[in-house]
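Student: Below is query-v6.cif; it holds mmCIF, C-alpha atoms.
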data_query
loop_
_atom_site.label_atom_id
_atom_site.label_comp_id
_atom_site.auth_asym_id
_atom_site.auth_seq_id
_atom_site.Cartn_x
_atom_site.Cartn_y
_atom_site.Cartn_z
CA MET A 1 -3.83 -2.07 9.91
CA LEU A 2 -2.46 -0.38 6.78
CA ALA A 3 -4.07 2.43 4.78
CA LYS A 4 -2.92 4.32 1.68
CA VAL A 5 -3.99 7.84 0.74
CA ASN A 6 -2.98 9.82 -2.35
CA SER A 7 -1.58 13.33 -2.23
CA CYS A 8 0.69 15.55 -4.34
CA ALA A 9 3.87 17.59 -4.13
CA VAL A 10 4.98 20.55 -6.23
CA VAL A 11 8.41 20.22 -7.84
CA GLY A 12 9.27 23.47 -9.57
CA LEU A 13 6.11 24.27 -11.52
CA GLN A 14 5.00 20.65 -11.88
CA GLY A 15 3.04 18.34 -9.61
CA ALA A 16 4.28 14.94 -8.41
CA LEU A 17 2.18 12.16 -6.90
CA VAL A 18 2.86 11.23 -3.29
CA SER A 19 1.51 8.11 -1.60
CA VAL A 20 0.89 8.51 2.13
CA GLU A 21 1.02 5.08 3.78
CA VAL A 22 -0.15 4.75 7.38
CA ASP A 23 0.45 1.67 9.50
CA ILE A 24 -0.95 1.28 13.01
CA GLY A 25 0.61 -1.51 15.05
CA GLN A 26 1.35 -2.70 18.54
CA GLY A 27 3.94 -0.92 20.62
CA LEU A 28 4.42 2.19 22.70
CA PRO A 29 2.21 5.10 21.59
CA ASN A 30 4.28 7.04 19.07
CA MET A 31 3.93 8.73 15.68
CA THR A 32 6.81 8.57 13.20
CA VAL A 33 6.98 10.21 9.76
CA VAL A 34 9.50 8.93 7.21
CA GLY A 35 10.08 9.60 3.51
CA LEU A 36 12.26 12.74 3.46
CA PRO A 37 9.84 15.13 5.23
CA ASP A 38 10.86 18.73 5.98
CA THR A 39 10.21 20.50 9.29
CA ALA A 40 6.66 21.54 8.35
CA VAL A 41 5.75 17.92 7.56
CA GLN A 42 7.32 16.68 10.80
CA GLU A 43 5.25 19.24 12.71
CA ALA A 44 2.13 17.79 11.09
CA ARG A 45 2.22 15.13 13.81
CA GLU A 46 0.99 17.59 16.42
CA ARG A 47 -1.46 19.38 14.13
CA VAL A 48 -3.00 16.10 12.99
CA ARG A 49 -3.20 14.66 16.50
CA ALA A 50 -5.07 17.71 17.83
CA ALA A 51 -7.27 18.03 14.71
CA ILE A 52 -8.44 14.41 14.94
CA LYS A 53 -9.32 14.71 18.63
CA ASN A 54 -11.06 18.09 18.18
CA SER A 55 -13.09 16.71 15.27
CA GLY A 56 -14.77 14.11 17.47
CA ALA A 57 -12.67 11.20 16.19
CA VAL A 58 -10.27 8.98 18.14
CA PHE A 59 -6.51 9.19 17.76
CA PRO A 60 -5.14 5.62 18.10
CA ASN A 61 -3.15 5.03 21.27
CA LYS A 62 -0.69 2.79 19.41
CA ARG A 63 2.44 2.98 17.31
CA VAL A 64 1.67 4.98 14.15
CA THR A 65 4.15 4.89 11.26
CA ILE A 66 3.68 7.17 8.25
CA ASN A 67 5.67 6.61 5.06
CA MET A 68 5.57 9.17 2.26
CA ALA A 69 6.60 7.68 -1.07
CA PRO A 70 8.63 8.06 -3.20
CA ALA A 71 11.26 8.26 -0.49
CA ASP A 72 13.77 10.20 -2.62
CA LEU A 73 11.38 13.14 -3.20
CA ARG A 74 11.61 15.81 -0.53
CA LYS A 75 8.20 16.53 1.04
CA ALA A 76 7.71 20.18 2.00
CA GLY A 77 4.83 22.29 3.26
CA GLN A 78 1.55 21.74 5.06
CA ALA A 79 -0.51 20.18 2.25
CA TYR A 80 0.10 16.70 3.71
CA ASP A 81 -1.82 17.36 6.94
CA LEU A 82 -5.15 16.29 5.46
CA PRO A 83 -3.96 13.06 3.76
CA ILE A 84 -2.06 12.05 6.92
CA ALA A 85 -5.18 12.57 9.04
CA VAL A 86 -7.36 10.67 6.57
CA GLY A 87 -4.81 7.85 6.51
CA ILE A 88 -4.85 7.57 10.29
CA LEU A 89 -8.65 7.53 10.39
CA ALA A 90 -8.73 4.87 7.65
CA ALA A 91 -6.03 2.71 9.23
CA SER A 92 -7.88 2.80 12.55
CA GLY A 93 -11.15 1.77 10.90
CA GLN A 94 -13.01 5.04 11.47
CA VAL A 95 -13.52 5.86 7.76
CA GLU A 96 -13.19 4.08 4.43
CA VAL A 97 -11.05 5.39 1.57
CA SER A 98 -11.09 4.01 -1.97
CA ALA A 99 -7.40 3.82 -2.87
CA GLY A 100 -6.56 5.17 -6.29
CA LYS A 101 -9.75 7.19 -6.75
CA ALA A 102 -9.10 10.45 -4.89
CA VAL A 103 -6.36 12.89 -3.93
CA PHE A 104 -6.32 14.83 -0.64
CA LEU A 105 -4.67 18.23 -0.10
CA GLY A 106 -4.83 20.69 2.76
CA GLU A 107 -3.37 22.13 5.95
CA LEU A 108 -5.15 21.45 9.24
CA GLY A 109 -5.77 23.79 12.13
CA LEU A 110 -5.76 22.39 15.66
CA ASP A 111 -9.56 22.69 15.69
CA GLY A 112 -9.85 20.50 12.59
CA SER A 113 -10.42 23.35 10.13
CA VAL A 114 -8.91 22.89 6.66
CA ARG A 115 -6.81 25.86 5.56
CA HIS A 116 -5.53 27.31 2.29
CA THR A 117 -2.71 25.42 0.58
CA HIS A 118 -0.20 26.83 -1.90
CA GLY A 119 0.27 25.17 -5.30
CA VAL A 120 -3.22 23.69 -5.61
CA LEU A 121 -3.51 24.27 -9.38
CA PRO A 122 -0.51 22.17 -10.57
CA MET A 123 -1.38 19.42 -8.09
CA VAL A 124 -5.00 19.21 -9.24
CA ALA A 125 -3.83 19.31 -12.86
CA LEU A 126 -1.62 16.28 -12.20
CA ALA A 127 -4.45 14.43 -10.46
CA SER A 128 -6.65 15.02 -13.51
CA GLU A 129 -3.92 13.84 -15.89
CA GLN A 130 -3.42 10.67 -13.85
CA GLY A 131 -7.10 9.78 -14.08
CA PHE A 132 -8.22 10.36 -10.48
CA GLU A 133 -11.96 10.80 -10.02
CA ALA A 134 -11.92 13.47 -7.30
CA VAL A 135 -9.67 15.82 -5.38
CA PHE A 136 -10.43 17.03 -1.85
CA VAL A 137 -9.12 20.57 -1.30
CA PRO A 138 -9.63 23.39 1.22
CA ALA A 139 -12.95 25.12 0.54
CA GLU A 140 -11.26 28.45 -0.13
CA ASP A 141 -9.10 26.83 -2.83
CA ALA A 142 -12.00 25.11 -4.61
CA ALA A 143 -12.52 27.88 -7.18
CA GLU A 144 -8.87 27.69 -8.22
CA ALA A 145 -8.93 23.88 -8.35
CA ALA A 146 -12.10 23.94 -10.49
CA LEU A 147 -10.15 25.60 -13.31
CA ILE A 148 -8.98 22.06 -14.09
CA SER A 149 -11.51 19.96 -15.99
CA ASN A 150 -12.25 16.21 -15.93
CA ILE A 151 -12.05 15.86 -12.14
CA LYS A 152 -14.53 16.47 -9.32
CA VAL A 153 -13.42 19.17 -6.88
CA MET A 154 -14.65 18.47 -3.34
CA PRO A 155 -14.45 21.55 -1.07
CA VAL A 156 -13.58 20.64 2.54
CA ARG A 157 -14.07 23.04 5.44
CA THR A 158 -13.28 20.75 8.37
CA LEU A 159 -11.81 17.33 9.03
CA GLY A 160 -15.04 16.33 10.78
CA GLU A 161 -17.02 17.23 7.65
CA LEU A 162 -14.68 15.10 5.53
CA ALA A 163 -14.91 12.16 7.95
CA ALA A 164 -18.72 12.30 7.77
CA HIS A 165 -18.47 12.27 3.97
CA LEU A 166 -16.14 9.26 3.92
CA ARG A 167 -18.45 7.37 6.29
CA GLY A 168 -21.39 8.14 4.00
CA ASP A 169 -23.24 10.08 6.70
CA ASP A 170 -23.26 13.54 5.10
CA PRO A 171 -21.84 13.68 1.54
CA ILE A 172 -19.93 16.75 0.39
CA ARG A 173 -21.25 18.26 -2.82
CA PRO A 174 -18.72 18.83 -5.63
CA TYR A 175 -17.80 22.44 -6.29
CA VAL A 176 -19.58 23.92 -9.32
CA ARG A 177 -18.11 26.90 -11.15
CA ASP A 178 -20.38 29.87 -11.78
CA GLY A 179 -19.68 29.70 -15.51
CA GLN A 180 -17.83 32.98 -15.66
CA PRO A 181 -14.81 32.91 -18.01
CA VAL A 182 -11.39 33.28 -16.52
CA SER A 183 -9.97 36.60 -17.65
CA ALA A 184 -6.59 38.21 -17.28
CA PRO A 185 -5.46 41.80 -17.79
CA THR A 186 -3.89 42.45 -21.18
CA GLN A 187 -1.20 44.69 -19.70
CA PHE A 188 0.76 44.45 -16.47
CA ALA A 189 2.30 47.40 -14.70
CA HIS A 190 4.75 45.05 -13.00
CA THR A 191 5.35 41.37 -12.32
CA ASP A 192 4.93 40.11 -8.75
CA MET A 193 7.62 37.54 -7.95
CA SER A 194 7.26 37.66 -4.17
CA GLU A 195 6.27 33.97 -3.93
CA ILE A 196 9.05 32.67 -6.18
CA LYS A 197 11.90 31.13 -4.21
CA GLY A 198 15.41 31.39 -5.61
CA GLN A 199 15.81 32.08 -9.36
CA GLU A 200 17.63 35.32 -8.58
CA HIS A 201 19.15 35.62 -12.07
CA VAL A 202 15.72 35.32 -13.70
CA LYS A 203 14.26 37.94 -11.36
CA ARG A 204 17.13 40.32 -12.11
CA ALA A 205 16.71 39.82 -15.85
CA ARG A 206 12.98 40.49 -15.55
CA ASP A 207 13.65 43.70 -13.60
CA ARG A 208 16.10 44.91 -16.23
CA SER A 209 13.59 44.21 -19.03
CA GLN A 210 11.34 46.82 -17.40
CA TRP A 211 13.97 49.56 -17.63
CA LYS A 212 13.32 52.35 -20.10
CA PRO A 213 16.11 54.23 -21.88
#
Show how you would write the structure in this file as structure tokens.

Tutor:
Amino acid sequence: MLAKVNSCAVVGLQGALVSVEVDIGQGLPNMTVVGLPDTAVQEARERVRAAIKNSGAVFPNKRVTINMAPADLRKAGQAYDLPIAVGILAASGQVEVSAGKAVFLGELGLDGSVRHTHGVLPMVALASEQGFEAVFVPAEDAAEAALISNIKVMPVRTLGELAAHLRGDDPIRPYVRDGQPVSAPTQFAHTDMSEIKGQEHVKRARDRSQWKP
């Protein structure tokens, strides 16, 4: 059986849609990930397998093939754990997913917990621009995701909780902002670039702009 789940990647400062396709067929039990995945995405196989079993669901004892499209876009990071797991549950008939209506983001722990994911804001912004109805994100990232309007933010704490929602057993309530305006300091003592990879010339230029004669 084939299932498709939507996710996102971050390319530079922009989001890019990624379609996670899961096919479960006959053959020796195996799980293969294709579509230019990096090491973290390849390792998702073990995280997802354990998370599904520890969430009370059944991991299919068949040949599982996962394709992440577009194939020429490198997939990096742990944000694909959740869509891969949802795709496997959908392809095995354990949950139902409405293709084209939602985006899934999040890293999984072996116990099925859904952990913080970097780059949530640009990915949710893209999902909103593309007309998706909802985005499922780690609960601790929901406040950040809710800064984007015109899309429902669904906070997910565990894979089991999400599976119950998708089955219609126990719906997850959309995250609601407290109404407080987002504020930012008017002056910065320094700029933190610790999470920016590469761009050494830009960082050096920024450092020099802080020098005083």

Student: Given the file shown, determine the residues that the PyMOL selection byres ((chain A and resi 36) around 7) selects; report them as number ranges by chain.

Tutor: A: 34-35, 37-38, 71-75

Student: Using all atoms listed in the file, which residues sit within 9 Å of range 18-20 of chain A once same-chain residues fewer than 6 positions away are excluded, as a PDB file with C-alpha atoms, keeping the file's coordinate frame?

Tutor:
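Full text of around_0.pdb as output:
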ATOM      1  CA  ALA A   3      -4.070   2.430   4.780  1.00  0.00           C
ATOM      2  CA  LYS A   4      -2.920   4.320   1.680  1.00  0.00           C
ATOM      3  CA  VAL A   5      -3.990   7.840   0.740  1.00  0.00           C
ATOM      4  CA  ASN A   6      -2.980   9.820  -2.350  1.00  0.00           C
ATOM      5  CA  SER A   7      -1.580  13.330  -2.230  1.00  0.00           C
ATOM      6  CA  CYS A   8       0.690  15.550  -4.340  1.00  0.00           C
ATOM      7  CA  ALA A   9       3.870  17.590  -4.130  1.00  0.00           C
ATOM      8  CA  ILE A  66       3.680   7.170   8.250  1.00  0.00           C
ATOM      9  CA  ASN A  67       5.670   6.610   5.060  1.00  0.00           C
ATOM     10  CA  MET A  68       5.570   9.170   2.260  1.00  0.00           C
ATOM     11  CA  ALA A  69       6.600   7.680  -1.070  1.00  0.00           C
ATOM     12  CA  PRO A  70       8.630   8.060  -3.200  1.00  0.00           C
ATOM     13  CA  LEU A  73      11.380  13.140  -3.200  1.00  0.00           C
ATOM     14  CA  LYS A  75       8.200  16.530   1.040  1.00  0.00           C
ATOM     15  CA  TYR A  80       0.100  16.700   3.710  1.00  0.00           C
ATOM     16  CA  PRO A  83      -3.960  13.060   3.760  1.00  0.00           C
ATOM     17  CA  ILE A  84      -2.060  12.050   6.920  1.00  0.00           C
ATOM     18  CA  GLY A  87      -4.810   7.850   6.510  1.00  0.00           C
TER      19      GLY A  87
END

Student: Apply the PyMOL selection byres ((chain A and resi 166-172) around 10) to the displayed file and report the matching residues as a list in words.

Tutor: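 When the PyMOL selection byres ((chain A and resi 166-172) around 10) is applied, the selected residues are Val86, Ala90, Gln94, Val95, Glu96, Val97, Ser98, Phe136, Met154, Pro155, Val156, Arg157, Gly160, Glu161, Leu162, Ala163, Ala164, His165, Arg173, Pro174 and Tyr175 of chain A.
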
Student: Counting all atoms listed in the file, which of A:Pro60, A:Pro138, A:Gly131, A:Gly112 gets nearest to Gly100 in chain A?

Tutor: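 Going through A:Pro60, A:Pro138, A:Gly131, A:Gly112 one by one, the smallest distance to Gly100 in chain A is for A:Gly131.
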
Student: Measure the distance from CA of Ser113 in chain A to CA of Ala44 in chain A in Å and round it to one decimal.

Tutor: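 Rounded to one decimal, the two atoms are 13.8 Å apart.
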
Student: Given the choices A:Lys62, A:Arg177, A:His116, A:Arg45, which gets closest to Thr158 in chain A if the distance is worked out from all atoms listed in the file?

Tutor: A:His116

Student: Any idea what the distance is between CA of Val10 in chain A and CA of Arg115 in chain A?

Tutor: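 Going from CA of Val10 in chain A over to CA of Arg115 in chain A, I get 17.5 Å.
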